[in-house]
Protein chains: 2
Amino acid sequence: MVGGSALLLNTMNAWGMGIASQAVAPPQLSGSGKGKKIVILGAGLAGMTAAYELAKLGYDCQVLEARHFAGGRCQSARKGFALQELGGETQHCKFDQGQYINHGPWRIPLDHQSTLYYTRQFDVPLEVMVNENDHAFVYMEDAGPLSKQRLRGEQLKADMRGHVSELLAKSVKGGLLDQQVTQDDQMLLLDYLKHEGALEGPELQYKGRSGRGYAVNPGAGLVAGTPSDPLGFRDLLAAKVGKVYSAVQDFPMHGTMFQPVGGMDQIAKAFEKRVRRHIRYGAEVQSIRQNAEQVLVTYKDAGGKVSTIGADYCLCTIPLSVLRMIDTDFTDKFKTAIRGVAYAPVGKIGLQMNRRFWEEDERIYGGHVLTDLKAINTISLPSTGWQSRKGVVLGYYHYALDAIEVSALSPAERAQFALDAGEKIFPGAYRSSFENAFSVAWHRVQYNLGGWAEWTDDGRKDAYPTLQEGEGRVMLAGEHLSYLTGWQAGAIESAWQQIEKIHRRAMA
Amino acid sequence: MVGGSALLLNTMNAWGMGIASQAVAPPQLSGSGKGKKIVILGAGLAGMTAAYELAKLGYDCQVLEARHFAGGRCQSARKGFALQELGGETQHCKFDQGQYINHGPWRIPLDHQSTLYYTRQFDVPLEVMVNENDHAFVYMEDAGPLSKQRLRGEQLKADMRGHVSELLAKSVKGGLLDQQVTQDDQMLLLDYLKHEGALEGPELQYKGRSGRGYAVNPGAGLVAGTPSDPLGFRDLLAAKVGKVYSAVQDFPMHGTMFQPVGGMDQIAKAFEKRVRRHIRYGAEVQSIRQNAEQVLVTYKDAGGKVSTIGADYCLCTIPLSVLRMIDTDFTDKFKTAIRGVAYAPVGKIGLQMNRRFWEEDERIYGGHVLTDLKAINTISLPSTGWQSRKGVVLGYYHYALDAIEVSALSPAERAQFALDAGEKIFPGAYRSSFENAFSVAWHRVQYNLGGWAEWTDDGRKDAYPTLQEGEGRVMLAGEHLSYLTGWQAGAIESAWQQIEKIHRRAMA
């Protein structure tokens with residue numbers, strides 16, 4: 001693993017991994033599924049999408065869900081929510097009424113029209129999730145001359161772009177680019193650079209700008225405001241913090257970003273309300289078999305009783321990390337494909353704070369505090385309950401080795417780990433405001449064993465299309481069968497695609 | 001007036017005129033105002049702030065308000081709201097229940113802690129006002145090769161910064177800046193430029209990036225997504241559209257921006273609820289006189305009856321555009337100072353649409369469509385009611401000559417004017433979705449006669465400090481006595497400053 005700002009950039013890439021989605025509505029299917037039985041494994045968003053759409057067509061849908069609630073990874077931890085990681089103690093969420101953390105998916109990009117299709121259909125109210133906040137801190141320990149400073153994103157953007165604009169503008173004016181750029185274009189370019197970089201005077205100098213913040217803000221009476229001084233170009237270069245941002249947010253991280261009012265699980269609940277009658281809860285799949293006539297799924301219920309369901313088709317949305325351990329009669333090729341993808345170790349922690357010090361003291365309203373503090377990556381601030389008393393902060397969001405290391409800690413130790421880091425960025429406030437925590441390490445969560453599928457290029461070429469095809473009467477669906485891995489849209493759109501195939505076969 | 005993109009930039013500057021505020025809480029005043037009487041002229045935010053704070057100190061406050069409701073310019077037009085501009089017909093707002101337009105102030109910047117102080121004190125719920133949306137269109141008619149295209153902000157940002165980064169990176173690699181930048185810094189700079197501009201390969205070329213949008217979005221199954229091609233550098237330069245944005249949003253336009261849930265007038269109502277007992281409505285000030293003992297304010301009530309109030313002090317928050325026409329015994333110097341500031345002609349129109357086509361068809365969720373279409377400047381999309389059926393669009397927001405010209409039209413003609421423009425940007429949807437409109441031309445609104453005070457540099461030096469001092473027992477307050485003109489924070493902070501002076505004198 002790399003350290004410093006490169007680490008942060010890896011994080012940014014991981015955030016952006018899912019990119020955007022294409023499908024905007026479920027397939028328009030005609031005909032009737034009457035008399036056809038489908039067993040759907042898993043009541044996450046993929047499974048519930050399939051059950052909802054296929055039941056409308058008349059299919060007899062039976063969803064087997066190992067947990068006692070639906071939603072899969074679409075969860076929100078709030079008072080009463082409990083989680084026992086494999087080999088760990090049970091955490092009971094102790095947040096105050098109304099407080100929660102979206103410890104699974106937490107963002108709905110505007111490009112994910114499939115997810116937005118259902119929030120609209122199901123009247124799930126949305127609010128803006130502040131995914132970009134230039135007023136939030138960037139705090140780096142390994143940033144040379146700018147180490148351990150609470151910089152603001154707007155300072156980095158204004159100053160880096162200001163200095164770079166000045167450099168280029170002076171080069172143009174000095175005739176250094178006369179071979180590269182026509183005289184007319186030079187004039188247009190200078191005009192652009194002056195604006196982009198807020199360059200002043202005939203010297204085209206960058207001397208700071210209001211967008212980076214004032215030293216003393218303007219106000220009433222005779223307070224016209226005192227400008228602030230820019231960070232130095234060489235310091236910024238040496239610190240490498242300019243790379244925290246780029247020209248635009250990469251897909252699908254650009255605004256407008258949404259979250260459901262009251263927690264991401266409002267989406268799961270909206271689905272569940274509509275398909276609950278099809279779901280058998282506490283049903284843990286033991287085996288999948290098929291023959292010429294049907295597919296047979298054996299499952300164990302909460303009481304330990306083993307039963308078998310027969311169906312015409314099976315749509316299996318179980319994560320491949322779990323499916324690989326289930327007894328099936330898939331071909332070796334298919335089994336190899338299932339094992340052909342790794343699942344991301346991912347960890348998150350929610351910290352309930354008794355005071356919104358980030359708003360009250362620092363005027364940071366939502367968004368992400370970016371840092372290279374080990375295994376923290378981001379401290380993300382809630383985009384709801386503005387100006388209210390308490391709030392739940394996302395204390396870290398990490399992947400890979402970081403996630404594995406921190407997941408070895410007990411819940412209490414994880415909270416201390418997060419507090420140690422946060423206290424460096426919000427000294428005097430972070431630890432003293434802390435009330436209680438709820439953490440998850442998705443790779444240690446039974447029935448998930450990872451945050452999301454991480455395909456390699458080779459896997460995409462080989463295993464991926466094999467799994468995409470399904471085998472016999474069994475089709476697979478989930479975020480893992482999409483180019484939107486780690487996103488709810490991947491699960492939904494994958495289900496849309498696979499039910500279309502199932503329906504086509506059923507109608508044949 | 002200039003046309004083309006320069007017009008747009010003027011608009012951006014006008015938006016940014018108010019910059020940020022300094023004061024975060026009312027002055028801590030000790031002692032008692034018991035037995036002292038203050039007459040406050042105007043129940044806008046300045047007047048109500050003063051009444052609220054002074055009444056807490058025990059002052060006998062009497063607020064005279066010409067209108068039959070409080071709030072001043074802090075208004076929201078919704079069903080039942082009526083407005084008759086001077087010399088115009090009465091508009092009755094016909095929006096559906098729940099729909100509204102903030103035709104006065106519509107944004108609360110995070111820097112305006114004074115405004116946020118009261119939304120917090122008064123439990124006025126806030127939501128994010130999407131003030132920056134790179135996915136919204138930029139539509140220019142005078143942009144050379146890019147005229148009449150529906151560009152997206154993210155395309156302009158990605159492509160301009162990509163091309164400029166490529167140009168500078170190649171110049172550095174080609175040794176053109178060897179005299180200007182050390183070899184070490186060149187390496188760091190190249191590293192930054194590659195990231196900022198998404199430069200690819202050893203040639204450091206900008207070939208587009210995901211953040212500018214895909215041609216075909218990635219999705220489920222085998223849909224990996226098809227990248228989109230960037231706009232050409234020379235076209236972008238010739239179009240001058242790169243100047244629509246700059247390195248950062250200038251103060252105070254950066255995120256996070258807020259609006260009260262349910263309309264800006266929720267702030268006015270929250271104040272009014274707390275100071276209503278002090279307000280005399282329908283009381284139009286006729287004259288202001290003072291002598292050694294007291295200040296005497298004569299006002300006419302709705303029935304035409306003229307009365308006089310005597311008080312120890314008067315805090316006059318009447319806009320200077322109106323105050324200049326009131327009979328006073330101010331000195332000539334003071335009267336000249338009152339006349340020393342112009343008020344901005346400003347117009348806005350709300351258009352109720354029966355379908356949120358901007359969300360459904362174009363995936364634009366809030367933010368501003370920027371345009372050089374005459375007298376439009378921006379079409380701004382609602383930041384509330386996401387994915388619901390209807391919405392009220394801000395059809396134009398204009399100033400100066402544009403505002404004067406359009407204000408000469410009847411309300412129905414103004415709506416047609418706005419629809420003609422909007423239809424060019426949203427063809428087939430804008431006009432057909434339109435239901436009804438509500439417009440305001442603030443310079444034609446009685447008791448305001450302008451949007452806000454527009455100080456010149458000379459005025460700030462001369463008239464401004466004179467007015468700031470007040471005269472005798474009369475003090476002035478309002479956005480016009482701040483460096484936050486046009487913002488609610490200016491009114492509030494000005495009131496804070498002046499009540500402190502009044503209290504000091506009263507205690508002396």
# chains A, B, ... in the order shown; residues from 1 in each chain; ligands from 1

$ interface_residues --of "chain A" --to "chain B" --cutoff "6 Å" --atoms "only C-alpha atoms" --output "MDAnalysis selection string"
chainID A and resid 20:22 120 133 158 161 188 192 196 210:211 217:221 224 237 243 246:251 255 387 481:483 490 493:494

$ residues_around --residues "A:Asn436" --least-positions-apart "3" --cutoff "7 Å" --atoms "only C-alpha atoms" --output "CSV table (one decimal) with N, CA and C atoms, in the first residue's frame"
chain,number,residue,atom,x,y,z
A,94,LYS,N,-26.8,2.1,19.3
A,94,LYS,CA,-27.3,2.8,20.4
A,94,LYS,C,-27.5,4.3,20.0
A,95,PHE,N,-27.6,4.6,18.8
A,95,PHE,CA,-27.8,6.0,18.3
A,95,PHE,C,-29.2,6.4,18.9
A,351,LEU,N,-20.1,7.4,14.0
A,351,LEU,CA,-19.9,8.0,15.4
A,351,LEU,C,-20.9,9.0,15.7
A,352,GLN,N,-21.7,8.7,16.8
A,352,GLN,CA,-22.7,9.7,17.2
A,352,GLN,C,-22.0,10.8,18.0

$ residues_around --residues "A:Glu65" --least-positions-apart "5" --cutoff "9 Å" --atoms "only C-alpha atoms" --output "list in words"
Ile40, Leu41, Gly42, Ala43, Gly44, Ala70, Gly72, Ile279, Arg280, Tyr281, Gly282, Ala283, Glu284 and Val285 of chain A

$ closest_residue --among "A:Gln28, A:Asn102, A:Gln62, A:Leu204" --to "A:Val440" --atoms "only C-alpha atoms"
A:Asn102

$ atom_distance --atom1 "atom CA of A:Glu85" --atom2 "atom CA of A:Trp442"
8.3 Å

$ select_by_dssp --residues "stretch 356-502 of chain A" --states "strand (DSSP E)" --output "ChimeraX atom specification"
/A:367-371,378-381,391-399,434-441,453-454,474-476

$ write_last_selection --atoms "N, CA and C atoms" --output "PDB file, in the first residue's frame"
ATOM      1  N   GLY A 367     -20.438  16.824   3.317  1.00  0.00           N
ATOM      2  CA  GLY A 367     -19.235  16.623   2.523  1.00  0.00           C
ATOM      3  C   GLY A 367     -18.201  15.790   3.253  1.00  0.00           C
ATOM      4  N   HIS A 368     -17.024  15.757   2.675  1.00  0.00           N
ATOM      5  CA  HIS A 368     -15.988  14.843   3.138  1.00  0.00           C
ATOM      6  C   HIS A 368     -14.726  15.582   3.555  1.00  0.00           C
ATOM      7  N   VAL A 369     -14.265  15.298   4.751  1.00  0.00           N
ATOM      8  CA  VAL A 369     -12.940  15.733   5.169  1.00  0.00           C
ATOM      9  C   VAL A 369     -11.973  14.672   4.663  1.00  0.00           C
ATOM     10  N   LEU A 370     -11.079  15.075   3.768  1.00  0.00           N
ATOM     11  CA  LEU A 370     -10.152  14.117   3.156  1.00  0.00           C
ATOM     12  C   LEU A 370      -8.841  14.106   3.909  1.00  0.00           C
ATOM     13  N   THR A 371      -8.306  12.917   4.116  1.00  0.00           N
ATOM     14  CA  THR A 371      -7.087  12.810   4.913  1.00  0.00           C
ATOM     15  C   THR A 371      -6.276  11.600   4.497  1.00  0.00           C
ATOM     16  N   THR A 378     -11.583   9.232   4.707  1.00  0.00           N
ATOM     17  CA  THR A 378     -12.537  10.333   4.750  1.00  0.00           C
ATOM     18  C   THR A 378     -13.244  10.328   6.089  1.00  0.00           C
ATOM     19  N   ILE A 379     -13.510  11.528   6.570  1.00  0.00           N
ATOM     20  CA  ILE A 379     -14.474  11.687   7.653  1.00  0.00           C
ATOM     21  C   ILE A 379     -15.626  12.429   7.005  1.00  0.00           C
ATOM     22  N   SER A 380     -16.765  11.754   6.899  1.00  0.00           N
ATOM     23  CA  SER A 380     -17.863  12.349   6.140  1.00  0.00           C
ATOM     24  C   SER A 380     -18.958  12.804   7.078  1.00  0.00           C
ATOM     25  N   LEU A 381     -19.464  13.977   6.762  1.00  0.00           N
ATOM     26  CA  LEU A 381     -20.376  14.656   7.674  1.00  0.00           C
ATOM     27  C   LEU A 381     -21.802  14.535   7.167  1.00  0.00           C
ATOM     28  N   GLY A 391     -25.454  14.517  15.632  1.00  0.00           N
ATOM     29  CA  GLY A 391     -25.286  14.001  14.286  1.00  0.00           C
ATOM     30  C   GLY A 391     -24.382  12.785  14.306  1.00  0.00           C
ATOM     31  N   VAL A 392     -24.518  11.947  13.285  1.00  0.00           N
ATOM     32  CA  VAL A 392     -23.649  10.779  13.159  1.00  0.00           C
ATOM     33  C   VAL A 392     -22.656  11.038  12.029  1.00  0.00           C
ATOM     34  N   VAL A 393     -21.403  10.993  12.396  1.00  0.00           N
ATOM     35  CA  VAL A 393     -20.305  11.220  11.466  1.00  0.00           C
ATOM     36  C   VAL A 393     -19.798   9.868  10.960  1.00  0.00           C
ATOM     37  N   LEU A 394     -19.493   9.805   9.686  1.00  0.00           N
ATOM     38  CA  LEU A 394     -18.794   8.620   9.173  1.00  0.00           C
ATOM     39  C   LEU A 394     -17.321   8.787   9.516  1.00  0.00           C
ATOM     40  N   GLY A 395     -16.826   7.964  10.421  1.00  0.00           N
ATOM     41  CA  GLY A 395     -15.481   8.168  10.969  1.00  0.00           C
ATOM     42  C   GLY A 395     -14.357   7.629  10.112  1.00  0.00           C
ATOM     43  N   TYR A 396     -14.646   6.649   9.308  1.00  0.00           N
ATOM     44  CA  TYR A 396     -13.712   6.173   8.294  1.00  0.00           C
ATOM     45  C   TYR A 396     -14.478   5.422   7.225  1.00  0.00           C
ATOM     46  N   TYR A 397     -13.868   5.293   6.081  1.00  0.00           N
ATOM     47  CA  TYR A 397     -14.422   4.490   4.992  1.00  0.00           C
ATOM     48  C   TYR A 397     -13.202   3.947   4.271  1.00  0.00           C
ATOM     49  N   HIS A 398     -12.901   2.677   4.530  1.00  0.00           N
ATOM     50  CA  HIS A 398     -11.640   2.145   4.020  1.00  0.00           C
ATOM     51  C   HIS A 398     -11.835   0.800   3.330  1.00  0.00           C
ATOM     52  N   TYR A 399     -10.794   0.445   2.627  1.00  0.00           N
ATOM     53  CA  TYR A 399     -10.785  -0.705   1.735  1.00  0.00           C
ATOM     54  C   TYR A 399      -9.528  -1.511   1.963  1.00  0.00           C
ATOM     55  N   PHE A 434     -18.080  12.733  21.339  1.00  0.00           N
ATOM     56  CA  PHE A 434     -18.438  11.361  20.977  1.00  0.00           C
ATOM     57  C   PHE A 434     -19.356  10.711  22.015  1.00  0.00           C
ATOM     58  N   GLU A 435     -20.375  10.035  21.517  1.00  0.00           N
ATOM     59  CA  GLU A 435     -21.271   9.314  22.427  1.00  0.00           C
ATOM     60  C   GLU A 435     -21.216   7.797  22.228  1.00  0.00           C
ATOM     61  N   ASN A 436     -21.427   7.341  21.002  1.00  0.00           N
ATOM     62  CA  ASN A 436     -21.362   5.897  20.763  1.00  0.00           C
ATOM     63  C   ASN A 436     -21.151   5.629  19.280  1.00  0.00           C
ATOM     64  N   ALA A 437     -20.813   4.391  18.984  1.00  0.00           N
ATOM     65  CA  ALA A 437     -20.389   4.061  17.622  1.00  0.00           C
ATOM     66  C   ALA A 437     -21.062   2.791  17.117  1.00  0.00           C
ATOM     67  N   PHE A 438     -21.095   2.693  15.803  1.00  0.00           N
ATOM     68  CA  PHE A 438     -21.532   1.451  15.166  1.00  0.00           C
ATOM     69  C   PHE A 438     -20.645   1.249  13.944  1.00  0.00           C
ATOM     70  N   SER A 439     -20.012   0.088  13.877  1.00  0.00           N
ATOM     71  CA  SER A 439     -19.086  -0.152  12.768  1.00  0.00           C
ATOM     72  C   SER A 439     -19.428  -1.432  12.037  1.00  0.00           C
ATOM     73  N   VAL A 440     -18.990  -1.487  10.824  1.00  0.00           N
ATOM     74  CA  VAL A 440     -19.178  -2.706  10.037  1.00  0.00           C
ATOM     75  C   VAL A 440     -17.905  -2.978   9.253  1.00  0.00           C
ATOM     76  N   ALA A 441     -17.582  -4.263   9.143  1.00  0.00           N
ATOM     77  CA  ALA A 441     -16.510  -4.709   8.253  1.00  0.00           C
ATOM     78  C   ALA A 441     -17.191  -5.725   7.338  1.00  0.00           C
ATOM     79  N   ALA A 453     -18.093  -6.906  -5.520  1.00  0.00           N
ATOM     80  CA  ALA A 453     -17.216  -7.670  -6.408  1.00  0.00           C
ATOM     81  C   ALA A 453     -16.173  -6.748  -7.005  1.00  0.00           C
ATOM     82  N   GLU A 454     -14.937  -7.228  -7.035  1.00  0.00           N
ATOM     83  CA  GLU A 454     -13.847  -6.452  -7.653  1.00  0.00           C
ATOM     84  C   GLU A 454     -13.298  -7.243  -8.828  1.00  0.00           C
ATOM     85  N   VAL A 474     -30.676 -21.860 -13.945  1.00  0.00           N
ATOM     86  CA  VAL A 474     -30.207 -20.905 -12.932  1.00  0.00           C
ATOM     87  C   VAL A 474     -29.570 -19.682 -13.601  1.00  0.00           C
ATOM     88  N   MET A 475     -30.076 -18.527 -13.264  1.00  0.00           N
ATOM     89  CA  MET A 475     -29.477 -17.268 -13.712  1.00  0.00           C
ATOM     90  C   MET A 475     -28.947 -16.536 -12.483  1.00  0.00           C
ATOM     91  N   LEU A 476     -27.943 -15.736 -12.697  1.00  0.00           N
ATOM     92  CA  LEU A 476     -27.385 -14.942 -11.598  1.00  0.00           C
ATOM     93  C   LEU A 476     -27.709 -13.459 -11.814  1.00  0.00           C
TER      94      LEU A 476
END

$ closest_residue --among "A:Gln266, A:Ala400, A:Gln84, A:Gln446" --to "A:Leu323" --atoms "only C-alpha atoms"
A:Gln446

$ atom_distance --atom1 "atom CA of A:Gly58" --atom2 "atom CA of A:Gly35"
7.8 Å

$ decode --residues "stretch 418-436 of chain A" --atoms "N, CA and C atoms" --output "PDB file, in the first residue's frame"
ATOM      1  N   ALA A 418     -10.830   5.419  15.348  1.00  0.00           N
ATOM      2  CA  ALA A 418     -11.426   6.521  14.577  1.00  0.00           C
ATOM      3  C   ALA A 418     -11.337   7.838  15.346  1.00  0.00           C
ATOM      4  N   LEU A 419     -11.535   7.777  16.646  1.00  0.00           N
ATOM      5  CA  LEU A 419     -11.499   9.000  17.457  1.00  0.00           C
ATOM      6  C   LEU A 419     -10.092   9.587  17.510  1.00  0.00           C
ATOM      7  N   ASP A 420      -9.094   8.712  17.616  1.00  0.00           N
ATOM      8  CA  ASP A 420      -7.707   9.193  17.623  1.00  0.00           C
ATOM      9  C   ASP A 420      -7.423  10.021  16.373  1.00  0.00           C
ATOM     10  N   ALA A 421      -7.902   9.528  15.248  1.00  0.00           N
ATOM     11  CA  ALA A 421      -7.652  10.240  13.990  1.00  0.00           C
ATOM     12  C   ALA A 421      -8.456  11.532  13.937  1.00  0.00           C
ATOM     13  N   GLY A 422      -9.733  11.432  14.241  1.00  0.00           N
ATOM     14  CA  GLY A 422     -10.604  12.604  14.146  1.00  0.00           C
ATOM     15  C   GLY A 422     -10.165  13.724  15.069  1.00  0.00           C
ATOM     16  N   GLU A 423      -9.637  13.339  16.219  1.00  0.00           N
ATOM     17  CA  GLU A 423      -9.193  14.341  17.189  1.00  0.00           C
ATOM     18  C   GLU A 423      -8.051  15.192  16.635  1.00  0.00           C
ATOM     19  N   LYS A 424      -7.273  14.608  15.715  1.00  0.00           N
ATOM     20  CA  LYS A 424      -6.193  15.385  15.109  1.00  0.00           C
ATOM     21  C   LYS A 424      -6.731  16.492  14.204  1.00  0.00           C
ATOM     22  N   ILE A 425      -7.876  16.218  13.621  1.00  0.00           N
ATOM     23  CA  ILE A 425      -8.434  17.175  12.663  1.00  0.00           C
ATOM     24  C   ILE A 425      -9.390  18.150  13.348  1.00  0.00           C
ATOM     25  N   PHE A 426     -10.064  17.657  14.349  1.00  0.00           N
ATOM     26  CA  PHE A 426     -10.983  18.510  15.123  1.00  0.00           C
ATOM     27  C   PHE A 426     -10.557  18.461  16.591  1.00  0.00           C
ATOM     28  N   PRO A 427      -9.393  19.029  16.902  1.00  0.00           N
ATOM     29  CA  PRO A 427      -8.891  18.885  18.271  1.00  0.00           C
ATOM     30  C   PRO A 427      -9.810  19.550  19.290  1.00  0.00           C
ATOM     31  N   GLY A 428      -9.991  18.862  20.395  1.00  0.00           N
ATOM     32  CA  GLY A 428     -10.807  19.425  21.471  1.00  0.00           C
ATOM     33  C   GLY A 428     -12.287  19.182  21.308  1.00  0.00           C
ATOM     34  N   ALA A 429     -12.700  18.760  20.134  1.00  0.00           N
ATOM     35  CA  ALA A 429     -14.137  18.601  19.894  1.00  0.00           C
ATOM     36  C   ALA A 429     -14.514  17.152  19.581  1.00  0.00           C
ATOM     37  N   TYR A 430     -13.675  16.492  18.812  1.00  0.00           N
ATOM     38  CA  TYR A 430     -14.060  15.193  18.250  1.00  0.00           C
ATOM     39  C   TYR A 430     -14.315  14.168  19.357  1.00  0.00           C
ATOM     40  N   ARG A 431     -13.321  13.995  20.193  1.00  0.00           N
ATOM     41  CA  ARG A 431     -13.445  12.972  21.222  1.00  0.00           C
ATOM     42  C   ARG A 431     -14.437  13.379  22.294  1.00  0.00           C
ATOM     43  N   SER A 432     -14.435  14.649  22.636  1.00  0.00           N
ATOM     44  CA  SER A 432     -15.307  15.076  23.740  1.00  0.00           C
ATOM     45  C   SER A 432     -16.780  15.072  23.343  1.00  0.00           C
ATOM     46  N   SER A 433     -17.052  15.102  22.043  1.00  0.00           N
ATOM     47  CA  SER A 433     -18.451  15.097  21.601  1.00  0.00           C
ATOM     48  C   SER A 433     -18.975  13.682  21.357  1.00  0.00           C
ATOM     49  N   PHE A 434     -18.080  12.733  21.339  1.00  0.00           N
ATOM     50  CA  PHE A 434     -18.438  11.361  20.977  1.00  0.00           C
ATOM     51  C   PHE A 434     -19.356  10.711  22.015  1.00  0.00           C
ATOM     52  N   GLU A 435     -20.375  10.035  21.517  1.00  0.00           N
ATOM     53  CA  GLU A 435     -21.271   9.314  22.427  1.00  0.00           C
ATOM     54  C   GLU A 435     -21.216   7.797  22.228  1.00  0.00           C
ATOM     55  N   ASN A 436     -21.427   7.341  21.002  1.00  0.00           N
ATOM     56  CA  ASN A 436     -21.362   5.897  20.763  1.00  0.00           C
ATOM     57  C   ASN A 436     -21.151   5.629  19.280  1.00  0.00           C
TER      58      ASN A 436
END
